[in-house]
$ cat target-v1.cif   # mmCIF, N, CA and C atoms
data_coords
loop_
_atom_site.label_atom_id
_atom_site.label_comp_id
_atom_site.auth_asym_id
_atom_site.auth_seq_id
_atom_site.Cartn_x
_atom_site.Cartn_y
_atom_site.Cartn_z
N MET A 1 237.56 170.36 164.30
CA MET A 1 236.73 169.77 163.28
C MET A 1 235.57 170.72 162.93
N ILE A 2 234.91 171.25 163.95
CA ILE A 2 233.78 172.15 163.70
C ILE A 2 234.21 173.37 162.90
N HIS A 3 235.41 173.88 163.20
CA HIS A 3 235.90 175.06 162.50
C HIS A 3 236.15 174.74 161.03
N LYS A 4 236.69 173.55 160.76
CA LYS A 4 236.92 173.15 159.37
C LYS A 4 235.61 173.04 158.62
N ILE A 5 234.61 172.42 159.26
CA ILE A 5 233.31 172.23 158.61
C ILE A 5 232.67 173.57 158.31
N LYS A 6 232.67 174.46 159.31
CA LYS A 6 232.05 175.78 159.10
C LYS A 6 232.81 176.59 158.05
N ALA A 7 234.13 176.46 158.02
CA ALA A 7 234.92 177.19 157.03
C ALA A 7 234.66 176.66 155.62
N LEU A 8 234.57 175.35 155.49
CA LEU A 8 234.32 174.77 154.18
C LEU A 8 232.90 175.08 153.69
N TYR A 9 231.95 175.14 154.59
CA TYR A 9 230.57 175.43 154.22
C TYR A 9 230.37 176.91 153.92
N ASP A 10 230.96 177.77 154.73
CA ASP A 10 230.96 179.21 154.54
C ASP A 10 229.55 179.77 154.31
N ASP A 11 228.64 179.43 155.23
CA ASP A 11 227.24 179.90 155.17
C ASP A 11 226.58 179.64 153.82
N GLY A 12 226.82 178.48 153.25
CA GLY A 12 226.17 178.10 152.00
C GLY A 12 226.91 178.53 150.75
N ARG A 13 227.96 179.31 150.88
CA ARG A 13 228.70 179.79 149.70
C ARG A 13 229.86 178.87 149.34
N GLY A 14 230.18 177.92 150.22
CA GLY A 14 231.32 177.04 150.01
C GLY A 14 230.90 175.69 149.45
N LEU A 15 231.53 174.66 149.97
CA LEU A 15 231.25 173.30 149.51
C LEU A 15 229.88 172.82 149.99
N GLU A 16 229.36 171.83 149.29
CA GLU A 16 228.11 171.21 149.71
C GLU A 16 228.40 170.26 150.86
N ILE A 17 227.34 169.84 151.54
CA ILE A 17 227.48 168.96 152.70
C ILE A 17 228.12 167.64 152.31
N ARG A 18 227.72 167.09 151.16
CA ARG A 18 228.31 165.83 150.69
C ARG A 18 229.81 165.99 150.41
N ALA A 19 230.19 167.09 149.84
CA ALA A 19 231.60 167.33 149.52
C ALA A 19 232.42 167.49 150.80
N ILE A 20 231.85 168.18 151.78
CA ILE A 20 232.55 168.35 153.06
C ILE A 20 232.73 166.99 153.73
N ALA A 21 231.67 166.18 153.73
CA ALA A 21 231.75 164.85 154.34
C ALA A 21 232.80 163.99 153.65
N ARG A 22 232.84 164.05 152.34
CA ARG A 22 233.83 163.29 151.57
C ARG A 22 235.24 163.80 151.86
N GLU A 23 235.40 165.11 151.91
CA GLU A 23 236.70 165.74 152.15
C GLU A 23 237.27 165.36 153.52
N LEU A 24 236.41 165.38 154.54
CA LEU A 24 236.88 165.12 155.91
C LEU A 24 236.76 163.67 156.32
N GLY A 25 236.09 162.87 155.50
CA GLY A 25 235.96 161.45 155.81
C GLY A 25 235.00 161.17 156.96
N ILE A 26 233.95 161.98 157.05
CA ILE A 26 232.95 161.79 158.11
C ILE A 26 231.58 161.67 157.47
N SER A 27 230.59 161.35 158.27
CA SER A 27 229.23 161.17 157.80
C SER A 27 228.58 162.51 157.44
N ARG A 28 227.66 162.48 156.49
CA ARG A 28 226.91 163.70 156.14
C ARG A 28 226.07 164.15 157.32
N ASN A 29 225.55 163.18 158.08
CA ASN A 29 224.74 163.54 159.25
C ASN A 29 225.57 164.28 160.29
N THR A 30 226.83 163.90 160.42
CA THR A 30 227.71 164.60 161.36
C THR A 30 227.94 166.03 160.89
N VAL A 31 228.15 166.20 159.59
CA VAL A 31 228.34 167.55 159.04
C VAL A 31 227.09 168.39 159.30
N LYS A 32 225.91 167.83 159.04
CA LYS A 32 224.66 168.55 159.28
C LYS A 32 224.51 168.93 160.74
N LYS A 33 224.82 167.99 161.62
CA LYS A 33 224.69 168.25 163.06
C LYS A 33 225.60 169.40 163.47
N TYR A 34 226.84 169.40 162.99
CA TYR A 34 227.77 170.47 163.35
C TYR A 34 227.36 171.81 162.76
N LEU A 35 226.78 171.80 161.58
CA LEU A 35 226.33 173.06 160.97
C LEU A 35 225.11 173.62 161.68
N ARG A 36 224.24 172.76 162.22
CA ARG A 36 223.04 173.21 162.92
C ARG A 36 223.33 173.78 164.30
N THR A 37 224.32 173.24 164.98
CA THR A 37 224.56 173.64 166.37
C THR A 37 225.61 174.74 166.46
N ASP A 38 225.58 175.41 167.60
CA ASP A 38 226.50 176.50 167.87
C ASP A 38 227.86 175.94 168.30
N GLU A 39 228.94 176.64 168.00
CA GLU A 39 230.29 176.18 168.35
C GLU A 39 230.47 176.03 169.86
N ALA A 40 229.92 176.94 170.64
CA ALA A 40 230.06 176.86 172.10
C ALA A 40 229.36 175.63 172.65
N GLN A 41 228.21 175.31 172.09
CA GLN A 41 227.46 174.13 172.54
C GLN A 41 228.23 172.85 172.22
N ILE A 42 228.81 172.77 171.05
CA ILE A 42 229.58 171.58 170.66
C ILE A 42 230.82 171.46 171.53
N HIS A 43 231.48 172.57 171.80
CA HIS A 43 232.67 172.54 172.66
C HIS A 43 232.30 172.05 174.06
N GLN A 44 231.15 172.48 174.57
CA GLN A 44 230.70 172.05 175.89
C GLN A 44 230.40 170.55 175.90
N GLN A 45 229.76 170.04 174.85
CA GLN A 45 229.45 168.62 174.77
C GLN A 45 230.72 167.78 174.71
N GLN A 46 231.70 168.24 173.94
CA GLN A 46 232.93 167.47 173.79
C GLN A 46 233.81 167.54 175.04
N SER A 47 233.71 168.60 175.81
CA SER A 47 234.53 168.69 177.02
C SER A 47 233.95 167.87 178.16
N GLN A 48 232.69 167.48 178.08
CA GLN A 48 232.05 166.68 179.12
C GLN A 48 231.85 165.24 178.65
N ARG A 49 232.89 164.61 178.18
CA ARG A 49 232.80 163.27 177.61
C ARG A 49 233.11 162.17 178.62
N THR A 50 232.80 162.33 179.86
CA THR A 50 233.08 161.28 180.82
C THR A 50 231.96 160.25 180.79
N ARG A 51 232.34 159.01 180.63
CA ARG A 51 231.38 157.93 180.61
C ARG A 51 231.54 157.13 181.89
N ALA A 52 230.45 156.61 182.38
CA ALA A 52 230.51 155.73 183.54
C ALA A 52 231.02 154.37 183.08
N LYS A 53 231.94 153.81 183.82
CA LYS A 53 232.51 152.51 183.48
C LYS A 53 231.98 151.47 184.44
N ARG A 54 231.95 150.23 184.01
CA ARG A 54 231.45 149.15 184.85
C ARG A 54 232.30 148.98 186.10
N MET A 55 233.58 149.27 186.00
CA MET A 55 234.49 149.07 187.12
C MET A 55 234.40 150.21 188.13
N ASP A 56 233.74 151.30 187.80
CA ASP A 56 233.63 152.44 188.72
C ASP A 56 232.94 152.06 190.04
N ALA A 57 232.05 151.09 190.00
CA ALA A 57 231.36 150.66 191.21
C ALA A 57 232.32 149.99 192.19
N HIS A 58 233.43 149.47 191.69
CA HIS A 58 234.40 148.75 192.51
C HIS A 58 235.69 149.53 192.70
N ARG A 59 235.67 150.80 192.34
CA ARG A 59 236.88 151.63 192.38
C ARG A 59 237.51 151.69 193.76
N GLU A 60 236.71 151.90 194.79
CA GLU A 60 237.23 152.02 196.15
C GLU A 60 237.92 150.73 196.60
N TYR A 61 237.31 149.59 196.26
CA TYR A 61 237.91 148.31 196.65
C TYR A 61 239.24 148.10 195.92
N ILE A 62 239.30 148.47 194.64
CA ILE A 62 240.55 148.32 193.88
C ILE A 62 241.62 149.23 194.47
N ILE A 63 241.27 150.47 194.80
CA ILE A 63 242.23 151.39 195.41
C ILE A 63 242.72 150.83 196.74
N HIS A 64 241.81 150.25 197.52
CA HIS A 64 242.20 149.63 198.80
C HIS A 64 243.22 148.52 198.56
N LEU A 65 242.95 147.66 197.57
CA LEU A 65 243.89 146.57 197.26
C LEU A 65 245.24 147.12 196.83
N LEU A 66 245.23 148.15 195.99
CA LEU A 66 246.49 148.69 195.46
C LEU A 66 247.29 149.44 196.53
N THR A 67 246.62 150.07 197.47
CA THR A 67 247.36 150.74 198.54
C THR A 67 247.87 149.73 199.56
N THR A 68 247.10 148.68 199.81
CA THR A 68 247.52 147.66 200.75
C THR A 68 248.64 146.80 200.17
N PHE A 69 248.49 146.41 198.91
CA PHE A 69 249.48 145.57 198.23
C PHE A 69 249.95 146.29 196.96
N PRO A 70 250.93 147.18 197.05
CA PRO A 70 251.30 148.00 195.90
C PRO A 70 251.90 147.23 194.73
N ARG A 71 252.46 146.05 194.98
CA ARG A 71 253.08 145.29 193.90
C ARG A 71 252.14 144.26 193.29
N LEU A 72 250.87 144.32 193.64
CA LEU A 72 249.87 143.39 193.14
C LEU A 72 249.61 143.68 191.66
N SER A 73 249.64 142.64 190.84
CA SER A 73 249.42 142.83 189.41
C SER A 73 247.94 143.02 189.11
N ALA A 74 247.66 143.54 187.93
CA ALA A 74 246.28 143.79 187.53
C ALA A 74 245.51 142.48 187.40
N VAL A 75 246.17 141.43 186.97
CA VAL A 75 245.52 140.13 186.83
C VAL A 75 245.08 139.61 188.20
N LYS A 76 245.94 139.77 189.19
CA LYS A 76 245.60 139.29 190.54
C LYS A 76 244.51 140.17 191.17
N VAL A 77 244.53 141.46 190.90
CA VAL A 77 243.46 142.33 191.39
C VAL A 77 242.13 141.89 190.77
N LEU A 78 242.16 141.59 189.48
CA LEU A 78 240.94 141.14 188.80
C LEU A 78 240.46 139.82 189.39
N ARG A 79 241.39 138.91 189.71
CA ARG A 79 241.02 137.64 190.33
C ARG A 79 240.33 137.88 191.67
N LYS A 80 240.89 138.79 192.48
CA LYS A 80 240.28 139.10 193.78
C LYS A 80 238.90 139.74 193.60
N LEU A 81 238.78 140.58 192.59
CA LEU A 81 237.48 141.20 192.31
C LEU A 81 236.44 140.16 191.94
N LYS A 82 236.82 139.21 191.09
CA LYS A 82 235.87 138.19 190.66
C LYS A 82 235.52 137.23 191.79
N GLU A 83 236.45 137.05 192.73
CA GLU A 83 236.13 136.23 193.91
C GLU A 83 235.09 136.95 194.77
N LYS A 84 235.28 138.24 194.96
CA LYS A 84 234.38 139.01 195.82
C LYS A 84 233.06 139.33 195.13
N PHE A 85 233.13 139.63 193.84
CA PHE A 85 231.93 139.98 193.06
C PHE A 85 231.83 139.04 191.85
N PRO A 86 231.26 137.83 192.03
CA PRO A 86 231.21 136.86 190.93
C PRO A 86 230.36 137.31 189.74
N ALA A 87 229.45 138.23 189.94
CA ALA A 87 228.58 138.69 188.85
C ALA A 87 229.21 139.80 188.03
N LEU A 88 230.47 140.12 188.28
CA LEU A 88 231.15 141.19 187.56
C LEU A 88 231.31 140.80 186.09
N ALA A 89 230.70 141.59 185.21
CA ALA A 89 230.72 141.29 183.78
C ALA A 89 231.59 142.32 183.07
N VAL A 90 232.87 142.04 182.99
CA VAL A 90 233.81 142.93 182.32
C VAL A 90 234.89 142.07 181.68
N SER A 91 235.37 142.48 180.51
CA SER A 91 236.40 141.69 179.85
C SER A 91 237.73 141.85 180.59
N ASP A 92 238.59 140.87 180.44
CA ASP A 92 239.88 140.90 181.12
C ASP A 92 240.71 142.09 180.65
N ARG A 93 240.68 142.35 179.37
CA ARG A 93 241.48 143.46 178.82
C ARG A 93 241.01 144.81 179.36
N SER A 94 239.70 145.03 179.40
CA SER A 94 239.17 146.29 179.92
C SER A 94 239.50 146.45 181.40
N ALA A 95 239.38 145.35 182.14
CA ALA A 95 239.70 145.41 183.57
C ALA A 95 241.17 145.72 183.79
N ARG A 96 242.04 145.06 183.03
CA ARG A 96 243.48 145.33 183.18
C ARG A 96 243.81 146.78 182.85
N ARG A 97 243.18 147.31 181.81
CA ARG A 97 243.41 148.70 181.41
C ARG A 97 242.94 149.66 182.50
N TYR A 98 241.77 149.40 183.07
CA TYR A 98 241.21 150.24 184.13
C TYR A 98 242.10 150.17 185.38
N ILE A 99 242.52 148.96 185.75
CA ILE A 99 243.34 148.78 186.95
C ILE A 99 244.71 149.42 186.75
N ARG A 100 245.27 149.30 185.56
CA ARG A 100 246.58 149.92 185.29
C ARG A 100 246.51 151.43 185.46
N ALA A 101 245.44 152.04 184.95
CA ALA A 101 245.28 153.49 185.09
C ALA A 101 245.12 153.89 186.55
N LEU A 102 244.34 153.10 187.30
CA LEU A 102 244.17 153.38 188.72
C LEU A 102 245.48 153.19 189.47
N LYS A 103 246.22 152.17 189.08
CA LYS A 103 247.50 151.88 189.74
C LYS A 103 248.47 153.05 189.56
N GLU A 104 248.47 153.65 188.39
CA GLU A 104 249.33 154.80 188.13
C GLU A 104 248.93 156.00 188.99
N THR A 105 247.64 156.23 189.13
CA THR A 105 247.21 157.36 189.95
C THR A 105 247.49 157.12 191.43
N VAL A 106 247.30 155.87 191.88
CA VAL A 106 247.59 155.55 193.28
C VAL A 106 249.08 155.67 193.55
N ALA A 107 249.91 155.17 192.62
CA ALA A 107 251.35 155.24 192.80
C ALA A 107 251.84 156.68 192.75
N SER A 108 251.28 157.49 191.87
CA SER A 108 251.73 158.88 191.78
C SER A 108 251.32 159.66 193.03
N SER A 109 250.14 159.37 193.57
CA SER A 109 249.74 160.07 194.80
C SER A 109 250.59 159.60 195.98
N ARG A 110 250.97 158.33 195.99
CA ARG A 110 251.83 157.81 197.04
C ARG A 110 253.22 158.43 196.93
N ASN A 111 253.73 158.57 195.73
CA ASN A 111 255.05 159.18 195.53
C ASN A 111 255.03 160.66 195.90
N ALA A 112 253.91 161.33 195.66
CA ALA A 112 253.82 162.75 196.00
C ALA A 112 253.91 162.94 197.50
N THR A 113 253.31 162.03 198.27
CA THR A 113 253.41 162.17 199.72
C THR A 113 254.78 161.75 200.22
N MET A 114 255.40 160.80 199.55
CA MET A 114 256.74 160.36 199.97
C MET A 114 257.78 161.43 199.64
N ASN A 115 257.61 162.15 198.55
CA ASN A 115 258.61 163.12 198.12
C ASN A 115 258.76 164.28 199.09
N ARG A 116 257.75 164.53 199.92
CA ARG A 116 257.88 165.61 200.88
C ARG A 116 258.98 165.32 201.89
N TYR A 117 259.19 164.06 202.20
CA TYR A 117 260.13 163.68 203.24
C TYR A 117 261.51 163.31 202.70
N TRP A 118 261.57 162.88 201.45
CA TRP A 118 262.83 162.48 200.86
C TRP A 118 263.50 163.67 200.20
N LYS A 119 264.79 163.72 200.30
CA LYS A 119 265.57 164.79 199.66
C LYS A 119 266.62 164.14 198.76
N TRP A 120 267.14 164.89 197.84
CA TRP A 120 268.16 164.38 196.92
C TRP A 120 269.51 164.99 197.29
N CYS A 121 270.51 164.14 197.47
CA CYS A 121 271.85 164.61 197.81
C CYS A 121 272.69 164.67 196.54
N PRO A 122 273.15 165.86 196.14
CA PRO A 122 273.95 165.95 194.92
C PRO A 122 275.34 165.34 195.08
N VAL A 123 275.84 165.26 196.30
CA VAL A 123 277.18 164.69 196.53
C VAL A 123 277.14 163.18 196.37
N CYS A 124 276.18 162.54 197.06
CA CYS A 124 276.09 161.07 197.03
C CYS A 124 275.30 160.56 195.83
N ASN A 125 274.57 161.45 195.18
CA ASN A 125 273.70 161.09 194.06
C ASN A 125 272.69 160.03 194.51
N ALA A 126 272.06 160.28 195.65
CA ALA A 126 271.10 159.33 196.19
C ALA A 126 270.03 160.08 196.97
N ARG A 127 268.90 159.38 197.21
CA ARG A 127 267.85 159.95 198.04
C ARG A 127 268.15 159.66 199.49
N TRP A 128 267.75 160.58 200.36
CA TRP A 128 267.94 160.37 201.79
C TRP A 128 266.85 161.07 202.55
N MET A 129 266.69 160.73 203.78
CA MET A 129 265.64 161.31 204.60
C MET A 129 266.29 161.81 205.87
N GLY A 130 266.16 163.09 206.13
CA GLY A 130 266.73 163.65 207.34
C GLY A 130 267.55 164.88 207.05
N ALA A 131 268.30 165.31 208.03
CA ALA A 131 269.05 166.56 207.93
C ALA A 131 270.32 166.39 207.12
N ASN A 132 271.08 165.33 207.33
CA ASN A 132 272.33 165.12 206.62
C ASN A 132 272.37 163.72 206.03
N CYS A 133 272.95 163.61 204.87
CA CYS A 133 273.05 162.29 204.26
C CYS A 133 274.41 161.65 204.54
N GLY A 134 275.35 162.46 204.98
CA GLY A 134 276.67 161.94 205.26
C GLY A 134 277.65 162.15 204.11
N GLY A 135 277.18 162.77 203.02
CA GLY A 135 278.03 162.92 201.85
C GLY A 135 278.70 164.20 201.72
#

$ encode --input "target-v1.cif" --output "structure tokens"
Amino acid sequence: MIHKIKALYDDGRGLEIRAIARELGISRNTVKKYLRTDEAQIHQQQSQRTRAKRMDAHREYIIHLLTTFPRLSAVKVLRKLKEKFPALAVSDRSARRYIRALKETVASSRNATMNRYWKWCPVCNARWMGANCGG
């Protein structure tokens, strides 16, 4: 986006700020901000876009629940969270989305540790653990 804005502006020889904003469908203030700042600074700001989430305070407890009960649904995890922390102010949809993302990371890390021990047998077309699968 910054490259488009700078190219269209072309150090004052190109389009006006209003025309660039209209062309790209963004605010004039955004165009001005991008023209004032350096490209490296904008790239640094955009690469550090991590926001703190309300559920981050309970992340360890959620991970504990998901590792202890891997088939636990996000709704049930949220129920357990609200039982333990009644003052938790988060929408159901946001909580489910957060828990689903955590569940995927927990499951992928669990699968990564399991894959070290499991092998694939091309003869039996199945997973097995040990020296021989019998196929």

$ closest_residue --input "target-v1.cif" --among "A:Ile63, A:Val31, A:Asp92, A:Ile26" --to "A:Leu8" --atoms "only C-alpha atoms"
A:Val31

$ resolve_selection --input "target-v1.cif" --expression "the PyMOL selection byres (((chain A and resi 66 and name CA) around 12) and name CA)" --output "VMD selection string"
chain A and resid 59 to 65 67 to 74 76 to 78 80 99 to 107 109 to 110

$ write_last_selection --input "target-v1.cif" --atoms "N, CA and C atoms" --output "tab-separated table (two decimals), keeping the file's coordinate frame"
chain	number	residue	atom	x	y	z
A	59	ARG	N	235.67	150.80	192.34
A	59	ARG	CA	236.88	151.63	192.38
A	59	ARG	C	237.51	151.69	193.76
A	60	GLU	N	236.71	151.90	194.79
A	60	GLU	CA	237.23	152.02	196.15
A	60	GLU	C	237.92	150.73	196.60
A	61	TYR	N	237.31	149.59	196.26
A	61	TYR	CA	237.91	148.31	196.65
A	61	TYR	C	239.24	148.10	195.92
A	62	ILE	N	239.30	148.47	194.64
A	62	ILE	CA	240.55	148.32	193.88
A	62	ILE	C	241.62	149.23	194.47
A	63	ILE	N	241.27	150.47	194.80
A	63	ILE	CA	242.23	151.39	195.41
A	63	ILE	C	242.72	150.83	196.74
A	64	HIS	N	241.81	150.25	197.52
A	64	HIS	CA	242.20	149.63	198.80
A	64	HIS	C	243.22	148.52	198.56
A	65	LEU	N	242.95	147.66	197.57
A	65	LEU	CA	243.89	146.57	197.26
A	65	LEU	C	245.24	147.12	196.83
A	67	THR	N	246.62	150.07	197.47
A	67	THR	CA	247.36	150.74	198.54
A	67	THR	C	247.87	149.73	199.56
A	68	THR	N	247.10	148.68	199.81
A	68	THR	CA	247.52	147.66	200.75
A	68	THR	C	248.64	146.80	200.17
A	69	PHE	N	248.49	146.41	198.91
A	69	PHE	CA	249.48	145.57	198.23
A	69	PHE	C	249.95	146.29	196.96
A	70	PRO	N	250.93	147.18	197.05
A	70	PRO	CA	251.30	148.00	195.90
A	70	PRO	C	251.90	147.23	194.73
A	71	ARG	N	252.46	146.05	194.98
A	71	ARG	CA	253.08	145.29	193.90
A	71	ARG	C	252.14	144.26	193.29
A	72	LEU	N	250.87	144.32	193.64
A	72	LEU	CA	249.87	143.39	193.14
A	72	LEU	C	249.61	143.68	191.66
A	73	SER	N	249.64	142.64	190.84
A	73	SER	CA	249.42	142.83	189.41
A	73	SER	C	247.94	143.02	189.11
A	74	ALA	N	247.66	143.54	187.93
A	74	ALA	CA	246.28	143.79	187.53
A	74	ALA	C	245.51	142.48	187.40
A	76	LYS	N	245.94	139.77	189.19
A	76	LYS	CA	245.60	139.29	190.54
A	76	LYS	C	244.51	140.17	191.17
A	77	VAL	N	244.53	141.46	190.90
A	77	VAL	CA	243.46	142.33	191.39
A	77	VAL	C	242.13	141.89	190.77
A	78	LEU	N	242.16	141.59	189.48
A	78	LEU	CA	240.94	141.14	188.80
A	78	LEU	C	240.46	139.82	189.39
A	80	LYS	N	240.89	138.79	192.48
A	80	LYS	CA	240.28	139.10	193.78
A	80	LYS	C	238.90	139.74	193.60
A	99	ILE	N	242.52	148.96	185.75
A	99	ILE	CA	243.34	148.78	186.95
A	99	ILE	C	244.71	149.42	186.75
A	100	ARG	N	245.27	149.30	185.56
A	100	ARG	CA	246.58	149.92	185.29
A	100	ARG	C	246.51	151.43	185.46
A	101	ALA	N	245.44	152.04	184.95
A	101	ALA	CA	245.28	153.49	185.09
A	101	ALA	C	245.12	153.89	186.55
A	102	LEU	N	244.34	153.10	187.30
A	102	LEU	CA	244.17	153.38	188.72
A	102	LEU	C	245.48	153.19	189.47
A	103	LYS	N	246.22	152.17	189.08
A	103	LYS	CA	247.50	151.88	189.74
A	103	LYS	C	248.47	153.05	189.56
A	104	GLU	N	248.47	153.65	188.39
A	104	GLU	CA	249.33	154.80	188.13
A	104	GLU	C	248.93	156.00	188.99
A	105	THR	N	247.64	156.23	189.13
A	105	THR	CA	247.21	157.36	189.95
A	105	THR	C	247.49	157.12	191.43
A	106	VAL	N	247.30	155.87	191.88
A	106	VAL	CA	247.59	155.55	193.28
A	106	VAL	C	249.08	155.67	193.55
A	107	ALA	N	249.91	155.17	192.62
A	107	ALA	CA	251.35	155.24	192.80
A	107	ALA	C	251.84	156.68	192.75
A	109	SER	N	250.14	159.37	193.57
A	109	SER	CA	249.74	160.07	194.80
A	109	SER	C	250.59	159.60	195.98
A	110	ARG	N	250.97	158.33	195.99
A	110	ARG	CA	251.83	157.81	197.04
A	110	ARG	C	253.22	158.43	196.93

$ closest_residue --input "target-v1.cif" --among "A:Ile2, A:Leu88, A:Val75, A:Ala21" --to "A:Glu39" --atoms "only N, CA and C atoms"
A:Ile2

$ axis_aligned_box --input "target-v1.cif" --around "stretch 31-35 of chain A" --padding-each-side "4 Å" --output "JSON"
{"center_x": 226.4, "center_y": 169.9, "center_z": 161.3, "size_x": 11.8, "size_y": 15.4, "size_z": 12.4}

$ select_by_dssp --input "target-v1.cif" --residues "stretch 23-82 of chain A" --states "alpha helix (DSSP H)" --output "JSON, numbers by chain"
{"A": [23, 24, 28, 29, 30, 31, 32, 33, 34, 35, 36, 39, 40, 41, 42, 43, 44, 45, 46, 47, 59, 60, 61, 62, 63, 64, 65, 66, 67, 68, 74, 75, 76, 77, 78, 79, 80, 81, 82]}

$ atom_distance --input "target-v1.cif" --atom1 "atom C of A:Leu81" --atom2 "atom C of A:Ala95"
10.9 Å

$ atom_distance --input "target-v1.cif" --atom1 "atom N of A:Arg22" --atom2 "atom CA of A:Ser47"
25.2 Å

$ atom_distance --input "target-v1.cif" --atom1 "atom CA of A:Thr50" --atom2 "atom CA of A:Lys33"
20.8 Å

$ decode --input "target-v1.cif" --residues "stretch 36-50 of chain A" --atoms "N, CA and C atoms" --output "PDB file, in the first residue's frame"
ATOM      1  N   ARG A  36       4.169  11.114   5.018  1.00  0.00           N
ATOM      2  CA  ARG A  36       5.049  11.743   5.993  1.00  0.00           C
ATOM      3  C   ARG A  36       6.099  10.793   6.554  1.00  0.00           C
ATOM      4  N   THR A  37       5.746   9.528   6.707  1.00  0.00           N
ATOM      5  CA  THR A  37       6.645   8.592   7.384  1.00  0.00           C
ATOM      6  C   THR A  37       7.511   7.832   6.385  1.00  0.00           C
ATOM      7  N   ASP A  38       8.587   7.288   6.912  1.00  0.00           N
ATOM      8  CA  ASP A  38       9.534   6.525   6.119  1.00  0.00           C
ATOM      9  C   ASP A  38       8.998   5.109   5.899  1.00  0.00           C
ATOM     10  N   GLU A  39       9.337   4.490   4.779  1.00  0.00           N
ATOM     11  CA  GLU A  39       8.862   3.140   4.462  1.00  0.00           C
ATOM     12  C   GLU A  39       9.326   2.112   5.484  1.00  0.00           C
ATOM     13  N   ALA A  40      10.553   2.228   5.954  1.00  0.00           N
ATOM     14  CA  ALA A  40      11.078   1.268   6.935  1.00  0.00           C
ATOM     15  C   ALA A  40      10.314   1.365   8.250  1.00  0.00           C
ATOM     16  N   GLN A  41       9.972   2.578   8.642  1.00  0.00           N
ATOM     17  CA  GLN A  41       9.228   2.775   9.890  1.00  0.00           C
ATOM     18  C   GLN A  41       7.824   2.176   9.778  1.00  0.00           C
ATOM     19  N   ILE A  42       7.172   2.360   8.658  1.00  0.00           N
ATOM     20  CA  ILE A  42       5.830   1.806   8.460  1.00  0.00           C
ATOM     21  C   ILE A  42       5.888   0.289   8.432  1.00  0.00           C
ATOM     22  N   HIS A  43       6.893  -0.253   7.766  1.00  0.00           N
ATOM     23  CA  HIS A  43       7.048  -1.716   7.718  1.00  0.00           C
ATOM     24  C   HIS A  43       7.247  -2.282   9.126  1.00  0.00           C
ATOM     25  N   GLN A  44       8.026  -1.589   9.948  1.00  0.00           N
ATOM     26  CA  GLN A  44       8.266  -2.030  11.319  1.00  0.00           C
ATOM     27  C   GLN A  44       6.975  -1.982  12.136  1.00  0.00           C
ATOM     28  N   GLN A  45       6.182  -0.930  11.976  1.00  0.00           N
ATOM     29  CA  GLN A  45       4.921  -0.808  12.705  1.00  0.00           C
ATOM     30  C   GLN A  45       3.952  -1.915  12.303  1.00  0.00           C
ATOM     31  N   GLN A  46       3.887  -2.210  11.015  1.00  0.00           N
ATOM     32  CA  GLN A  46       2.946  -3.218  10.545  1.00  0.00           C
ATOM     33  C   GLN A  46       3.389  -4.632  10.898  1.00  0.00           C
ATOM     34  N   SER A  47       4.677  -4.863  11.048  1.00  0.00           N
ATOM     35  CA  SER A  47       5.140  -6.201  11.391  1.00  0.00           C
ATOM     36  C   SER A  47       4.973  -6.490  12.881  1.00  0.00           C
ATOM     37  N   GLN A  48       4.790  -5.472  13.702  1.00  0.00           N
ATOM     38  CA  GLN A  48       4.610  -5.650  15.138  1.00  0.00           C
ATOM     39  C   GLN A  48       3.155  -5.402  15.533  1.00  0.00           C
ATOM     40  N   ARG A  49       2.230  -6.053  14.887  1.00  0.00           N
ATOM     41  CA  ARG A  49       0.815  -5.828  15.114  1.00  0.00           C
ATOM     42  C   ARG A  49       0.197  -6.797  16.122  1.00  0.00           C
ATOM     43  N   THR A  50       0.914  -7.233  17.104  1.00  0.00           N
ATOM     44  CA  THR A  50       0.331  -8.146  18.070  1.00  0.00           C
ATOM     45  C   THR A  50      -0.424  -7.350  19.121  1.00  0.00           C
TER      46      THR A  50
END
